[in-house]
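First up is the structure itself, then whatever we jot down about it.
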Amino acid sequence: MSRKVFVVGVGMTKFEKPGSRDWDYPDMAREAGTNALNDAGISYDLIEQAAVGYCYGDSTAGQRALYELGVTGIPVVNVNNNCATGSSALYLASRFIEGGLADCTLALGFEKMEKGSIGIKYLDRAIPMQWTVEKMNEKRGFTAAPPAPQMFGNAGREYMERYGVKAESFARIAEKNHRHSANNPYSQFRDVYTLDEILASPMVHEPLTKLQCCPTSDGSAAVVLASESFVREHGLEARAVEIIGMAMQTDFPSSFESNSDMKFIGFDMSRAAAQKVYKQSGYGPTDVDVIELHDCFSANELVTYEAIGLCEEGGAGDLIDSGAVTYGGDWVVNPSGGLISKGHPLGATGLAQCAELTWQLRGEAEARQVDDVNLAMQHNLGLGGACVMAMYKRAELV
């Protein structure tokens with residue numbers, strides 16, 4: 001029988017524009033890891049295993065990062081799952097506890113990124129997203145825009161073609177997330193923009209303008225996980241948040257055989273992961289109060305509303321237009337500002353989502369606090385592909 005897993009400590013750095021701060025990934029990891037340990041009120045020597053996520057770096061960068069916290073001989077697993085790297089490290093660290101291999105683990109993620117859009121790093125071998133890129137090219141051709149906004153922009157185009165959604169609906173997502181980020185001191189950008197300003201910003205790949213695209217970012221985030229026995233032994237009941245459901249999915253045949261732009265970018269992965277989390281937790285989408293959703297581009301947030309069951313087929317445009325996914329609506333989606341405004345250091349993103357939801361459930365999110373949060377949900381997506389979803393609830397330990 002699997003054991004319960006609890007988040008007992010979270011920490012992160014401010015996400016920064018690459019090159020804007022004089023630091024390296026060990027500095028980032030030390031700051032985020034120390035914050036998480038302090039939040040849990042424990043010392044590093046109680047960590048029994050660690051999973052460390054990053055996409056850009058040499059093979060044992062995870063060990064070098066953790067040595068800033070201590071050199072204790074524990075197993076360290078380095079994780080790379082594209083944009084879902086941080087949540088993949090969290091998934092693995094939680095499995096160590098769930099399977100009885102440890103009572104206290106650490107998931108750490110960081111990224112030191114190059115300026116500009118993400119490109120292909122190695123030109124002498126098959127690219128991991130080869131099948132996805134080939135399918136996209138067969139359907140719509142390849143433009144001068146960077147590959148990622150093309151993929152997600154095409155998914156937005158398909159949604160528009162199917163359901164008549166207008167460009168304003170995608171821009172409204174960006175307006176919401178930029179507005180939310182104004183209250184997040186960890187966010188890379190805290191500027192608020194009008195809908196007209198977002199629509200008038202430079203076009204990247206229609207319907208996506210620049211202000212609807214996530215930036216490259218430097219930064220780190222960390223999460224301390226514990227078993228129920230560890231929580232009780234160390235008196236952490238009041239700080240603990242339980243992971244009541246967690247699932248990881250990779251691509252299905254439909255990702256490549258459907259001729260659907262939305263499926264090329266992981267729609268079916270997101271839908272399957274959501275269904276597993278709902279089954280595991282016993283809760284559905286209407287029970288959730290706050291969601292951190294992978295809005296690498298506004299188009300992905302919109303199509304994911306449908307994938308995870310926030311609306312019926314074709315209803316995502318009406319959902320954002322109605323105000324249902326911001327303060328005062330049915331859910332608050334991306335109170336942190338999301339990837340679009342908070343930033344997207346690939347290895348840290350999923351763990352920063354966990355941190356935000358933990359703060360929300362504890363009532364510690366300050367100016368961006370959502371009222372009466374009981375359930376929180378996370379969605380982190382990486383092309384190539386992986387999707388991790390999780391459901392969180394305040395611990396009920398007496």
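Every chain in the structure tokens has a letter given in the order shown (A, B, ...), and although residue numbers restart at 1 in each chain, ligands are simply numbered from 1 in the order shown.
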Query - 10 Å contact set for region 20-29 of chain A, only C-alpha atoms, chain neighbours under 4 positions out, as a ChimeraX atom specification - result: /A:11-16,33-35,52,54,57,61-69,108-113,217-222,348
Mind dumping the selected residues with N, CA and C atoms as a compact mmCIF listing (two decimals), in the first residue's frame?
```
# COMPACT_ATOMS: atom_id res chain seq x y z
N GLY A 11 10.40 26.83 -1.37
CA GLY A 11 11.21 28.03 -1.50
C GLY A 11 11.59 28.27 -2.94
N MET A 12 11.84 29.51 -3.30
CA MET A 12 12.25 29.83 -4.66
C MET A 12 13.02 31.14 -4.68
N THR A 13 13.65 31.40 -5.80
CA THR A 13 14.27 32.69 -6.03
C THR A 13 13.29 33.54 -6.83
N LYS A 14 13.57 34.80 -6.92
CA LYS A 14 12.89 35.62 -7.92
C LYS A 14 13.36 35.14 -9.29
N PHE A 15 12.45 35.05 -10.23
CA PHE A 15 12.83 34.70 -11.59
C PHE A 15 13.34 35.96 -12.29
N GLU A 16 14.44 35.82 -13.03
CA GLU A 16 15.13 36.97 -13.59
C GLU A 16 15.37 36.79 -15.09
N GLY A 33 16.93 26.34 -2.17
CA GLY A 33 16.99 25.21 -1.25
C GLY A 33 16.99 25.64 0.19
N THR A 34 17.75 26.68 0.51
CA THR A 34 17.78 27.19 1.89
C THR A 34 16.41 27.72 2.29
N ASN A 35 15.75 28.42 1.37
CA ASN A 35 14.41 28.92 1.67
C ASN A 35 13.44 27.78 1.97
N VAL A 52 16.85 16.37 -8.84
CA VAL A 52 17.21 17.72 -9.25
C VAL A 52 16.96 17.88 -10.75
N TYR A 54 16.91 20.13 -14.33
CA TYR A 54 17.42 21.23 -15.16
C TYR A 54 17.50 20.72 -16.58
N GLY A 57 22.73 22.13 -18.92
CA GLY A 57 23.85 21.97 -17.99
C GLY A 57 24.50 20.62 -18.14
N ALA A 61 25.22 18.39 -12.71
CA ALA A 61 24.99 19.73 -12.17
C ALA A 61 24.09 19.69 -10.95
N GLY A 62 23.24 18.67 -10.85
CA GLY A 62 22.38 18.54 -9.68
C GLY A 62 23.18 18.35 -8.41
N GLN A 63 24.21 17.50 -8.48
CA GLN A 63 25.08 17.32 -7.31
C GLN A 63 25.79 18.61 -6.95
N ARG A 64 26.35 19.28 -7.98
CA ARG A 64 27.07 20.53 -7.71
C ARG A 64 26.14 21.56 -7.06
N ALA A 65 24.89 21.60 -7.52
CA ALA A 65 23.93 22.52 -6.92
C ALA A 65 23.65 22.18 -5.47
N LEU A 66 23.42 20.90 -5.18
CA LEU A 66 23.08 20.49 -3.83
C LEU A 66 24.25 20.60 -2.86
N TYR A 67 25.47 20.53 -3.35
CA TYR A 67 26.62 20.66 -2.46
C TYR A 67 26.65 22.02 -1.78
N GLU A 68 25.91 22.99 -2.32
CA GLU A 68 25.79 24.28 -1.65
C GLU A 68 25.00 24.15 -0.35
N LEU A 69 24.17 23.11 -0.24
CA LEU A 69 23.36 22.89 0.95
C LEU A 69 24.02 21.92 1.93
N LEU A 108 14.50 19.73 -6.30
CA LEU A 108 15.11 21.01 -6.59
C LEU A 108 15.15 21.20 -8.10
N GLY A 109 14.89 22.40 -8.57
CA GLY A 109 14.99 22.69 -9.99
C GLY A 109 15.61 24.06 -10.21
N PHE A 110 16.37 24.18 -11.28
CA PHE A 110 17.00 25.46 -11.59
C PHE A 110 17.24 25.55 -13.09
N GLU A 111 17.50 26.74 -13.55
CA GLU A 111 17.89 26.93 -14.95
C GLU A 111 18.68 28.22 -15.08
N LYS A 112 19.78 28.14 -15.80
CA LYS A 112 20.52 29.31 -16.25
C LYS A 112 20.42 29.31 -17.76
N MET A 113 19.61 30.20 -18.30
CA MET A 113 19.25 30.14 -19.71
C MET A 113 19.99 31.18 -20.53
N SER A 217 14.19 32.59 -18.73
CA SER A 217 14.38 33.07 -17.35
C SER A 217 15.48 32.29 -16.65
N ASP A 218 16.11 32.95 -15.70
CA ASP A 218 16.99 32.30 -14.74
C ASP A 218 16.25 32.19 -13.42
N GLY A 219 16.50 31.10 -12.69
CA GLY A 219 15.89 30.99 -11.38
C GLY A 219 15.86 29.56 -10.88
N SER A 220 15.39 29.42 -9.65
CA SER A 220 15.36 28.11 -8.99
C SER A 220 14.18 28.03 -8.04
N ALA A 221 13.74 26.80 -7.79
CA ALA A 221 12.68 26.54 -6.80
C ALA A 221 12.94 25.18 -6.17
N ALA A 222 12.45 24.99 -4.96
CA ALA A 222 12.70 23.75 -4.23
C ALA A 222 11.50 23.39 -3.36
N ALA A 348 12.85 24.87 -13.06
CA ALA A 348 12.26 25.38 -11.82
C ALA A 348 10.76 25.57 -11.89
```
Report task. Give the alpha helix (DSSP H) residues of region 163-369 of chain A, as DSSP finds them on the backbone, and put them as a ChimeraX atom specification. Result -> /A:163,167-181,195-200,228-233,254-257,261-264,267-281,298-307,316-322,338-342,346-362
For region 56-168 of chain A versus region 209-214 of chain A, which residues have an atom no more than 10 Å away, and what is each residue's nearest atom pair and distance in Å rounded to one decimal, using only C-alpha atoms, chain-then-number order, as JSON lines?
```
{"residue": "A:Ser117", "atom": "CA", "partner": "A:Cys214", "partner_atom": "CA", "distance": 9.6}
{"residue": "A:Ala148", "atom": "CA", "partner": "A:Cys213", "partner_atom": "CA", "distance": 9.6}
{"residue": "A:Pro149", "atom": "CA", "partner": "A:Cys213", "partner_atom": "CA", "distance": 7.5}
{"residue": "A:Phe152", "atom": "CA", "partner": "A:Cys213", "partner_atom": "CA", "distance": 9.8}
{"residue": "A:Gly153", "atom": "CA", "partner": "A:Thr209", "partner_atom": "CA", "distance": 9.6}
{"residue": "A:Ala167", "atom": "CA", "partner": "A:Thr209", "partner_atom": "CA", "distance": 9.9}
```
Export of the given selection (all heavy atoms) as a PDB file, in the first residue's frame:
```
ATOM      1  N   SER A 117      14.928  33.345 -27.798  1.00  0.00           N
ATOM      2  CA  SER A 117      14.051  32.179 -27.904  1.00  0.00           C
ATOM      3  C   SER A 117      14.850  30.888 -27.849  1.00  0.00           C
ATOM      4  O   SER A 117      16.011  30.829 -28.272  1.00  0.00           O
ATOM      5  CB  SER A 117      13.260  32.233 -29.217  1.00  0.00           C
ATOM      6  OG  SER A 117      12.457  33.388 -29.272  1.00  0.00           O
ATOM      7  N   ALA A 148       8.684  26.905 -30.889  1.00  0.00           N
ATOM      8  CA  ALA A 148       7.680  26.745 -29.831  1.00  0.00           C
ATOM      9  C   ALA A 148       6.437  27.600 -30.051  1.00  0.00           C
ATOM     10  O   ALA A 148       5.307  27.089 -29.991  1.00  0.00           O
ATOM     11  CB  ALA A 148       8.289  27.015 -28.458  1.00  0.00           C
ATOM     12  N   PRO A 149       6.563  28.912 -30.324  1.00  0.00           N
ATOM     13  CA  PRO A 149       5.335  29.680 -30.589  1.00  0.00           C
ATOM     14  C   PRO A 149       4.599  29.222 -31.835  1.00  0.00           C
ATOM     15  O   PRO A 149       3.378  29.385 -31.922  1.00  0.00           O
ATOM     16  CB  PRO A 149       5.834  31.124 -30.710  1.00  0.00           C
ATOM     17  CG  PRO A 149       7.294  31.050 -30.886  1.00  0.00           C
ATOM     18  CD  PRO A 149       7.736  29.796 -30.213  1.00  0.00           C
ATOM     19  N   PHE A 152       2.464  26.109 -30.526  1.00  0.00           N
ATOM     20  CA  PHE A 152       1.343  26.486 -29.669  1.00  0.00           C
ATOM     21  C   PHE A 152       0.418  27.483 -30.368  1.00  0.00           C
ATOM     22  O   PHE A 152      -0.799  27.457 -30.162  1.00  0.00           O
ATOM     23  CB  PHE A 152       1.861  27.035 -28.340  1.00  0.00           C
ATOM     24  CG  PHE A 152       2.431  25.975 -27.446  1.00  0.00           C
ATOM     25  CD1 PHE A 152       3.799  25.744 -27.411  1.00  0.00           C
ATOM     26  CD2 PHE A 152       1.608  25.189 -26.663  1.00  0.00           C
ATOM     27  CE1 PHE A 152       4.331  24.751 -26.596  1.00  0.00           C
ATOM     28  CE2 PHE A 152       2.124  24.191 -25.845  1.00  0.00           C
ATOM     29  CZ  PHE A 152       3.494  23.973 -25.811  1.00  0.00           C
ATOM     30  N   GLY A 153       0.987  28.343 -31.189  1.00  0.00           N
ATOM     31  CA  GLY A 153       0.150  29.245 -31.964  1.00  0.00           C
ATOM     32  C   GLY A 153      -0.742  28.492 -32.928  1.00  0.00           C
ATOM     33  O   GLY A 153      -1.920  28.836 -33.119  1.00  0.00           O
ATOM     34  N   ALA A 167      -9.133  36.297 -31.546  1.00  0.00           N
ATOM     35  CA  ALA A 167      -7.800  36.576 -31.009  1.00  0.00           C
ATOM     36  C   ALA A 167      -7.871  37.262 -29.648  1.00  0.00           C
ATOM     37  O   ALA A 167      -6.989  37.093 -28.806  1.00  0.00           O
ATOM     38  CB  ALA A 167      -7.013  37.428 -31.991  1.00  0.00           C
TER      39      ALA A 167
END
```
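Among the candidates A:Val192, A:Leu225, A:Ile42, A:Val79, the residue lying nearest to Ser94 (chain A) is A:Leu225 (atoms considered: only C-alpha atoms).
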Query - Per-residue DSSP, region 270-325 of chain A, filtered to strand (DSSP E or B), as JSON, numbers by chain - result: {"A": [290, 291, 292, 297]}
**Report entry** Among the residues A:Cys55, A:Ala32, A:Met262, A:Ala355, the one that comes closest to Lys135 (chain A) [using only C-alpha atoms]
**Finding:**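 The closest residue to Lys135 (chain A) is A:Met262.
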Query raised in the report: Leaving out Phe189 (chain A) and any residue of its chain fewer than 2 positions from it, which residues lie within 9 Å of it when counting only C-alpha atoms, given as a PyMOL selection string?
Result: chain A and resi 15-16+178+181-182+186-187+191-192+337+340-343
Would you output that residue set with C-alpha atoms, as a tab-separated table (two decimals), in the first residue's frame?
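The new file part05.tsv reads:
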```
chain	number	residue	atom	x	y	z
A	15	PHE	CA	12.83	34.70	-11.59
A	16	GLU	CA	15.13	36.97	-13.59
A	178	HIS	CA	0.18	39.94	-16.27
A	181	SER	CA	1.85	38.92	-11.49
A	182	ALA	CA	1.79	42.51	-10.25
A	186	TYR	CA	9.03	36.48	-7.34
A	187	SER	CA	7.77	37.36	-10.82
A	191	ASP	CA	3.84	45.25	-15.40
A	192	VAL	CA	0.11	45.39	-16.06
A	337	GLY	CA	1.25	35.36	-13.04
A	340	ILE	CA	3.83	34.35	-19.29
A	341	SER	CA	4.64	36.90	-16.62
A	342	LYS	CA	6.32	35.13	-13.69
A	343	GLY	CA	8.88	33.59	-16.07
```
Contacts of Val133 (chain A) at 9 Å or less, counting only C-alpha atoms, minus same-chain residues fewer than 3 places along, as a CSV table (one decimal) with C-alpha atoms, in the first residue's frame?
```csv
chain,number,residue,atom,x,y,z
A,129,MET,CA,10.6,16.7,-30.8
A,130,GLN,CA,11.3,15.4,-34.3
A,136,MET,CA,3.4,20.4,-37.7
A,137,ASN,CA,5.4,21.1,-40.9
A,138,GLU,CA,3.3,18.6,-42.9
A,142,PHE,CA,7.3,26.1,-41.1
A,147,PRO,CA,9.5,26.6,-33.2
A,151,MET,CA,3.5,24.8,-32.3
A,264,PHE,CA,0.6,17.8,-31.3
```
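Summary of the local environment: counting only C-alpha atoms, residues at most 12 Å from Glu366 (chain A), other than itself and those fewer than 2 positions away along its chain, are Asn183, Asn184, Pro185, Pro335, Ser336, Glu356, Trp359, Gln360, Leu361, Arg362, Gly363, Glu364, Arg368, Gln369, Val370 and Asp371 of chain A.
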Query raised in the report: A:Asp58, A:His205, A:Ala126, A:Asn78: which is nearest Pro146 (chain A), counting only C-alpha atoms?
Result: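 Among the listed residues, the smallest separation from Pro146 (chain A) belongs to A:His205.
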Requested in this report: Would you mind reading off the distance between CA of Ala102 (chain A) and CA of Thr250 (chain A), one decimal, in Å?
Outcome: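 Separating CA of Ala102 (chain A) from CA of Thr250 (chain A) is a distance of 26.0 Å.
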Requested in this report: Excluding Phe96 (chain A) and any residue of its chain fewer than 4 positions from it, enumerate the residues within 12 Å of it, using only C-alpha atoms, and give them as a PyMOL selection string.
Outcome: chain A and resi 2-5+47-51+75-77+89-92+100-107+225-227
Query raised in the report: Skipping near chain neighbours, those fewer than 6 positions away, what residues fall within 9 Å of Asp39 (chain A) using only C-alpha atoms, listed as a list in words?
Result: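 Using only C-alpha atoms, the neighbours found are Val8, Gly9, Val10, Gly11, Val224 and Arg239 of chain A.
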Report task. Would you please work out which residue, of A:Ser87, A:Asn259, A:Thr194, A:Ser169, is nearest to Pro207 (chain A) when using only C-alpha atoms? Result -> A:Ser169
Requested in this report: Kindly indicate which residue among A:Gly53, A:Gly235, A:Gly329, A:Gly314 lies nearest to Ala93 (chain A), using only C-alpha atoms for the distances.
Outcome: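 Of the candidates, the smallest distance to Ala93 (chain A) is held by A:Gly53.
One finds CA of Gly156 (chain A) at 17.5 Å from CA of Ser201 (chain A).
Distances to Ile243 (chain A) were evaluated for A:Ala174, A:Thr349, A:Glu228, A:Ala144 using only C-alpha atoms, and the minimum falls at A:Glu228.
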**Report entry** Computed interatomic separation between CA of Lys276 (chain A) and CA of Ala84 (chain A) (Å)
**Finding:**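 Interatomic distance, CA of Lys276 (chain A) to CA of Ala84 (chain A): 17.3 Å.
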